[in-house]
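Notes for the one structure printed next.
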Amino acid sequence: MCGIVGYIGDNKALNFLLQGLSKLEYRGYDSAGIAVNCGENIFVEKAVGRLDALKEKLHNQKIDGTIGIGHTRWATHGRPSDRNAHPHTDCQENFVVVHNGIIENYMALKENLISRGHKFISETDTEVVPHLLEEFYNGNFLESVQKVLKKIEGSYSLVFMSKAHPDTLICAKQDNPLVVGLGNGENFIASDIPAIISKTRNAYILNDGEIAVVKKDSVKIFNRNGEVVEKKIFHVNWNAEAAEKGGYEHFMLKEINEQPKAVRDTISKRISKDGASIELELGWDKNFLDSINKIYIIACGTAYHAGLVAKFYIEKLARKLVEVDVASEYRYRNPIVDDKTLVIVISQSGETSDTLAALKESRRLGAKTLAITNVVGSSIAREAEQVIYTVAGPEIAVASTKAYTTQLILVFMLALYMAQIGKTISTERARELIDLLKKIPAQISETLSDVDPIKTFARQYGFNEDVFYIGRSLDYCVALEGALKLKEISYIHAEAYASGELKHGTLALIVEGVPVIALATQKSVYEKTISNIKEVKARDAVVIGIGAAGDTELEKYLDHVIFVPNTDELLIPLLTVVPLQLLAYYAAITRGCDVDKPRNLAKSVTVE
Ligand code: F6R
């Protein structure tokens with residue numbers, strides 16, 4: 001996720017660019033940059049770090065141009081640095097581009113452009129775009145941009161500026177948001193409404209495949225086939241704060257709803273073209289896997305819960321022994337680690353102090369190390385020998401949601417990748433799982449489409465003081481995450497138990513009316529799960545089940561059931577966690593809690 005802006009009019013472009021970017025920093029904040037057409041040349045400035053670092057660089061500079069573009073970055077290709085910051089230019093600096101998204105075929109395009117003499121200065125996927133424009137430019141700005149768009153594959157919102165066309169900005173949208181704000185003698189381009197709201201409340205919201213040619217007093221929109229599109233003006237009636245949350249009441253709800261895209265982006269480019277194998281950017285082979293006799297997965301909180309699922313996946317698919325530990329425990333117990341150990345750390349922020357320290361300790365002990373993180377260039381990404389990224393975009397709400405689901409999808413792909421290298425899975429089974437994996441983003445969307453029953457349960461049970469979550473096998477891992485979500489944002493005491501453990505003590509707490517959330521999706525332990533459900537029902541608990549669509553059995557034993565779409569039992573945690581996130585969210589709302597900033601908690605835990 002990144003934020004992009006553009007301005008064309010009679011006022012100084014820089015003012016709007018900086019103001020607009022400050023409203024889009026929630027979309028990315030590891031570096032920022034602007035470009036302003038100053039007639040003779042296009043002035044470009046970029047700075048790693050937050051927007052203030054860029055403002056500092058621009059301080060006292062005289063930049064009077066009235067057309068410009070800007071960008072705030074959340075790195076996906078290439079770590080945060082001045083060079084990798086946008087805007088990017090072609091060799092002659094005639095064209096400047098800002099981009100949000102991922103150009104999937106950039107490697108092939110880049111190789112071809114280099115062979116034709118183009119010089120690249122960044123590690124980004126985006127830089128191919130201005131060079132392609134340089135290659136195709138025929139004097140007609142729009143036509144040349146259209147040719148570029150035909151060449152690139154992937155997701156994007158893009159804004160193009162050309163030195164030779166100081167009266168025009170062109171922008172295009174595919175899978176990433178883009179709006180054109182309509183002013184009086186001036187127009188604005190932005191990733192999102194908050195950036196334009198102080199200037200205008202009238203906008204065109206672009207659809208996928210659309211291109212807008214934006215001049216100071218006109219906006220013309222074309223579809224993929226080059227035909228003119230007559231669009232309705234969208235009138236924004238949100239206030240500025242609501243706009244920043246995309247119209248959602250809280251960042252957490254917005255991020256829950258962003259999961260289909262976050263998961264899709266994390267899968268993207270990591271499946272071979274023929275759909276038969278997982279391709280991770282790790283370069284492992286059978287010798288490497290044979291050199292490992294044990295895997296440690298280390299993380300904290302929600303990331304630790306993703307680690308528990310990862311253990312299950314890796315042991316089941318790749319047949320390697322895995323231990324999972326919370327970082328704050330691992331580092332102080334003299335772990336048995338050597339050069340035959342692979343240590344995998346999982347961290348959304350990449351800055352969690354306990355996880356970082358555990359990683360450093362593992363390296364000191366000689367382990368091979370791999371980080372799974374969401375933040376390119378973070379301390380953990382830099383410290384580990386190898387790193388693979390979740391592509392969730394910035395997570396603002398303290399309670400982790402989209403980071404968790406992207407971690408699950410990535411550890412699933414890692415396990416499958418290892419299984420394919422180690423030949424512990426058949427070709428048919430691997431293909432079957434990959435086919436199902438590709439359906440997960442749409443199935444998450446489906447799960448998100450029916451929240452009313454969850455709202456009702458939250459209202460009904462939101463004032464209970466204790467809630468129990470039970471499940472077996474992978475359902476138990478998800479139960480742990482569901483209970484954590486409820487605790488941290490609604491302050492309800494919630495505990496998760498492996499269902500089989502109830503009879504060893506906890507059953508004493510199950511009395512009339514106590515809510516129990518029972519996950520029952522794991523076919524291999526289904527009968528046993530039903531027996532455990534009967535145990536709590538016999539004590540008059542109120543049982544809400546989470547089951548897979550088509551399960552006609554479950555309803556017989558429960559008070560209510562929430563069904564998620566059916567998939568393989570390995571992948572279903574990606575779906576069952578969604579109603580649990582929503583249940584926690586609506587319970588917190590019912591209790592009037594500060595959902596995005598729960599008491600006593602911080603987003604990035606950089607203290608021990
Ligand atoms: C819970 C939550 C925390 C984090 C934990 C680790 O919703 O967000 O439990 O998962 O603090 O943070 P990262 O993943 O940044 O290392």
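By convention here, the chains of the structure tokens are called A, B, ... in the order presented, each chain's residues are numbered starting at 1, and ligands are numbered starting at 1 in the order presented.
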(request) Let me have all residues with an atom within 6 Å of ligand 1, counting only C-alpha atoms and all ligand atoms, laid out as a PyMOL selection string. (result) chain A and resi 300-303+347-350+352+398-400+604-605
(request) Check stretch 411-595 of chain A with DSSP on the backbone and list each residue it calls strand (DSSP E or B), as JSON, numbers by chain. (result) {"A": [466, 467, 468, 469, 470, 471, 493, 494, 495, 496, 497, 498, 515, 516, 517, 518, 519, 520, 542, 543, 544, 545, 546, 547, 548, 560, 561, 562, 563, 564]}
(request) Show which residues sit within 12 Å of A:Glu56, as a PyMOL selection string. Count only C-alpha atoms, and ignore same-chain residues fewer than 6 positions away. (result) chain A and resi 18+32-33+45-50
(message) Set the distance at 9 Å and use only C-alpha atoms: which residues neighbour A:Gly39 once local chain neighbours fewer than 2 positions away are removed? I'd like the list as a ChimeraX atom specification.
(response) /A:37,41-42,65,163-164,166
Can I get the selection written as a PDB file, in the first residue's frame, with N, CA, C and O atoms?
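Okay, this is what ended up in out_17.pdb:
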ATOM      1  N   ASN A  37       6.761  20.011 -12.140  1.00  0.00           N
ATOM      2  CA  ASN A  37       7.231  20.468 -13.450  1.00  0.00           C
ATOM      3  C   ASN A  37       7.520  21.956 -13.364  1.00  0.00           C
ATOM      4  O   ASN A  37       6.616  22.769 -13.161  1.00  0.00           O
ATOM      5  N   ASN A  41      12.827  22.126 -16.332  1.00  0.00           N
ATOM      6  CA  ASN A  41      13.100  20.754 -15.873  1.00  0.00           C
ATOM      7  C   ASN A  41      12.002  20.313 -14.921  1.00  0.00           C
ATOM      8  O   ASN A  41      11.179  21.116 -14.479  1.00  0.00           O
ATOM      9  N   ILE A  42      12.045  19.000 -14.627  1.00  0.00           N
ATOM     10  CA  ILE A  42      11.135  18.507 -13.587  1.00  0.00           C
ATOM     11  C   ILE A  42      11.961  18.390 -12.312  1.00  0.00           C
ATOM     12  O   ILE A  42      12.989  17.689 -12.285  1.00  0.00           O
ATOM     13  N   GLY A  65       6.355  25.597  -9.522  1.00  0.00           N
ATOM     14  CA  GLY A  65       5.560  24.929 -10.562  1.00  0.00           C
ATOM     15  C   GLY A  65       4.123  24.648 -10.123  1.00  0.00           C
ATOM     16  O   GLY A  65       3.849  24.448  -8.940  1.00  0.00           O
ATOM     17  N   LYS A 163       7.408  16.159 -19.090  1.00  0.00           N
ATOM     18  CA  LYS A 163       7.974  17.525 -19.206  1.00  0.00           C
ATOM     19  C   LYS A 163       7.389  18.249 -20.423  1.00  0.00           C
ATOM     20  O   LYS A 163       7.095  19.432 -20.374  1.00  0.00           O
ATOM     21  N   ALA A 164       7.165  17.483 -21.478  1.00  0.00           N
ATOM     22  CA  ALA A 164       6.685  18.096 -22.724  1.00  0.00           C
ATOM     23  C   ALA A 164       5.193  18.436 -22.692  1.00  0.00           C
ATOM     24  O   ALA A 164       4.679  19.064 -23.615  1.00  0.00           O
ATOM     25  N   PRO A 166       3.082  20.173 -20.081  1.00  0.00           N
ATOM     26  CA  PRO A 166       2.932  20.798 -18.763  1.00  0.00           C
ATOM     27  C   PRO A 166       1.482  21.127 -18.411  1.00  0.00           C
ATOM     28  O   PRO A 166       1.232  21.691 -17.347  1.00  0.00           O
TER      29      PRO A 166
END
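Of the residues listed (A:Lys503, A:His118, A:Lys340, A:Lys485), A:Lys485 shows the shortest atom-to-atom separation from A:Tyr404; distances use only C-alpha atoms.
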(message) Need the shell around stretch 572-576 of chain A: protein/DNA/RNA residues with any atom at most 8 Å away, counting only C-alpha atoms. Skip same-chain ones fewer than 3 positions apart. Format as an MDAnalysis selection string?
(response) chainID A and resid 405 408:409 440 443:444 447 474:475 478 519 521 546:547 564:569 579:580
(message) Here is a test: counting only C-alpha atoms, which residue of A:Thr390, A:Thr427, A:Gln581, A:Asn225 is nearest to A:Ala75?
(response)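 Using only C-alpha atoms, the shortest distance to A:Ala75 belongs to A:Thr390.
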(request) Report the residues of stretch 369-559 of chain A whose backbone DSSP state falls under helix (DSSP H, G or I), written as a PyMOL selection string. (result) chain A and resi 379-383+402-422+427-448+452-461+474-490+499-504+506-509+523-538+554-556
(message) If we count only C-alpha atoms and set the cut-off at 9 Å, which residues sit around A:Val97, ignoring sequence neighbours fewer than 6 positions away in its own chain? Please answer as a list in words.
(response) Ala35, Ile69, Gly70, His86, Pro87, His88, Thr89, Asp90, Thr126, Glu127, Val129, Pro130, Leu158, Val159, Phe160, Met161 and Ser162 of chain A
Residues from last step as file, all heavy atoms, as a CSV table (one decimal), in the first residue's frame:
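As written to disk, out_34.csv reads:
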chain,number,residue,atom,x,y,z
A,35,ALA,N,7.5,15.4,-7.3
A,35,ALA,CA,8.0,15.9,-8.5
A,35,ALA,C,7.2,17.1,-9.0
A,35,ALA,O,5.9,17.0,-9.0
A,35,ALA,CB,8.1,14.8,-9.6
A,69,ILE,N,3.3,15.8,-8.9
A,69,ILE,CA,2.9,14.5,-8.3
A,69,ILE,C,3.7,14.2,-7.0
A,69,ILE,O,4.8,14.7,-6.8
A,69,ILE,CB,3.0,13.4,-9.3
A,69,ILE,CG1,4.4,13.1,-9.8
A,69,ILE,CG2,2.1,13.6,-10.5
A,69,ILE,CD1,4.6,12.0,-10.8
A,70,GLY,N,3.1,13.3,-6.2
A,70,GLY,CA,3.8,13.0,-5.0
A,70,GLY,C,3.4,11.6,-4.5
A,70,GLY,O,2.5,11.0,-5.0
A,86,HIS,N,9.6,7.0,-4.5
A,86,HIS,CA,9.0,7.5,-5.7
A,86,HIS,C,9.0,9.0,-5.6
A,86,HIS,O,9.1,9.6,-4.6
A,86,HIS,CB,7.6,7.1,-5.9
A,86,HIS,CG,7.4,5.6,-6.0
A,86,HIS,ND1,6.4,5.0,-6.7
A,86,HIS,CD2,8.0,4.6,-5.4
A,86,HIS,CE1,6.4,3.7,-6.6
A,86,HIS,NE2,7.4,3.4,-5.7
A,87,PRO,N,8.9,9.8,-6.7
A,87,PRO,CA,8.6,9.4,-8.1
A,87,PRO,C,9.9,8.8,-8.7
A,87,PRO,O,11.0,9.1,-8.3
A,87,PRO,CB,8.3,10.7,-8.8
A,87,PRO,CG,8.0,11.7,-7.7
A,87,PRO,CD,8.7,11.2,-6.5
A,88,HIS,N,9.6,8.0,-9.8
A,88,HIS,CA,10.7,7.5,-10.6
A,88,HIS,C,10.7,8.1,-12.0
A,88,HIS,O,9.6,8.5,-12.5
A,88,HIS,CB,10.5,5.9,-10.7
A,88,HIS,CG,10.8,5.3,-9.4
A,88,HIS,ND1,12.1,5.2,-8.9
A,88,HIS,CD2,10.0,4.7,-8.5
A,88,HIS,CE1,12.1,4.6,-7.7
A,88,HIS,NE2,10.8,4.3,-7.4
A,89,THR,N,11.8,8.1,-12.6
A,89,THR,CA,11.9,8.8,-13.9
A,89,THR,C,12.5,7.9,-14.9
A,89,THR,O,13.1,6.8,-14.6
A,89,THR,CB,12.9,10.1,-13.8
A,89,THR,OG1,14.2,9.6,-13.5
A,89,THR,CG2,12.4,11.0,-12.7
A,90,ASP,N,12.5,8.3,-16.2
A,90,ASP,CA,13.2,7.6,-17.3
A,90,ASP,C,14.6,8.1,-17.4
A,90,ASP,O,15.0,8.9,-16.5
A,90,ASP,CB,12.4,7.9,-18.6
A,90,ASP,CG,12.5,9.3,-19.0
A,90,ASP,OD1,12.2,10.2,-18.1
A,90,ASP,OD2,12.9,9.7,-20.1
A,126,THR,N,8.5,-0.4,-9.9
A,126,THR,CA,7.9,0.8,-10.6
A,126,THR,C,8.7,1.4,-11.7
A,126,THR,O,8.2,1.9,-12.7
A,126,THR,CB,7.6,1.9,-9.5
A,126,THR,OG1,6.8,1.3,-8.5
A,126,THR,CG2,6.9,3.1,-10.1
A,127,GLU,N,10.0,1.3,-11.5
A,127,GLU,CA,10.9,2.1,-12.4
A,127,GLU,C,10.8,1.7,-13.8
A,127,GLU,O,11.1,2.4,-14.7
A,127,GLU,CB,12.4,2.0,-11.9
A,127,GLU,CG,13.2,3.1,-12.4
A,127,GLU,CD,14.7,3.0,-11.9
A,127,GLU,OE1,15.0,2.1,-11.1
A,127,GLU,OE2,15.5,3.8,-12.4
A,129,VAL,N,8.2,1.5,-15.4
A,129,VAL,CA,7.1,2.2,-16.0
A,129,VAL,C,7.6,3.5,-16.8
A,129,VAL,O,7.3,3.7,-18.0
A,129,VAL,CB,6.0,2.5,-15.0
A,129,VAL,CG1,4.8,3.3,-15.7
A,129,VAL,CG2,5.4,1.2,-14.4
A,130,PRO,N,8.3,4.4,-16.1
A,130,PRO,CA,8.8,5.6,-16.9
A,130,PRO,C,9.7,5.2,-18.1
A,130,PRO,O,9.7,5.8,-19.1
A,130,PRO,CB,9.5,6.4,-15.9
A,130,PRO,CG,9.8,5.5,-14.7
A,130,PRO,CD,8.7,4.5,-14.7
A,158,LEU,N,-1.5,4.6,-10.9
A,158,LEU,CA,-0.3,5.3,-11.5
A,158,LEU,C,-0.7,6.7,-11.8
A,158,LEU,O,-1.8,7.0,-12.3
A,158,LEU,CB,0.1,4.6,-12.8
A,158,LEU,CG,0.8,3.2,-12.6
A,158,LEU,CD1,0.7,2.5,-14.0
A,158,LEU,CD2,2.3,3.5,-12.3
A,159,VAL,N,0.2,7.6,-11.6
A,159,VAL,CA,0.1,9.0,-12.2
A,159,VAL,C,1.3,9.3,-13.0
A,159,VAL,O,2.5,9.0,-12.5
A,159,VAL,CB,-0.1,10.1,-11.1
A,159,VAL,CG1,-0.5,11.4,-11.8
A,159,VAL,CG2,-1.1,9.7,-10.1
A,160,PHE,N,1.1,9.7,-14.2
A,160,PHE,CA,2.2,10.0,-15.2
A,160,PHE,C,2.3,11.6,-15.4
A,160,PHE,O,1.3,12.2,-15.6
A,160,PHE,CB,1.9,9.4,-16.5
A,160,PHE,CG,1.8,7.9,-16.5
A,160,PHE,CD1,0.5,7.3,-16.2
A,160,PHE,CD2,2.8,7.1,-16.9
A,160,PHE,CE1,0.4,6.0,-16.3
A,160,PHE,CE2,2.7,5.7,-17.0
A,160,PHE,CZ,1.5,5.2,-16.6
A,161,MET,N,3.5,12.1,-15.4
A,161,MET,CA,3.7,13.5,-15.7
A,161,MET,C,4.8,13.5,-16.8
A,161,MET,O,5.8,12.8,-16.7
A,161,MET,CB,4.1,14.2,-14.5
A,161,MET,CG,4.2,15.7,-14.6
A,161,MET,SD,4.3,16.6,-13.0
A,161,MET,CE,5.9,16.3,-12.6
A,162,SER,N,4.6,14.5,-17.7
A,162,SER,CA,5.6,14.6,-18.8
A,162,SER,C,6.1,16.0,-18.9
A,162,SER,O,5.3,16.9,-18.9
A,162,SER,CB,4.9,14.1,-20.1
A,162,SER,OG,5.6,14.7,-21.2
(message) Nearest residue to A:Thr529 out of A:Gln386, A:Ser473, A:Gln92, A:Thr552, using only C-alpha atoms?
(response)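 Of the candidates, the smallest distance to A:Thr529 is held by A:Ser473.
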(request) Between A:Lys438, A:His493, A:Arg364, A:Arg319, single out the one closest to A:Met418, counting only C-alpha atoms. (result)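 Ranking A:Lys438, A:His493, A:Arg364, A:Arg319 by distance to A:Met418, first place goes to A:Arg319.
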(message) Quick check, in Å to one decimal: how far apart do atom CA of A:Lys23 and atom CA of A:Ser198 lie?
(response) 10.2 Å
(request) Tell me which of A:Ala276, A:Leu583, A:Val391, A:Ala384 sits closest to A:Glu432, counting only C-alpha atoms. (result)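 The shortest atom-to-atom distance to A:Glu432 comes from A:Ala276.
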(message) So, with only C-alpha atoms as the atoms that count, which of A:Glu329, A:Glu495, A:Glu428, A:Glu134 lies closest to A:Ser277?
(response)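 Going through A:Glu329, A:Glu495, A:Glu428, A:Glu134 one by one, the smallest distance to A:Ser277 is for A:Glu428.
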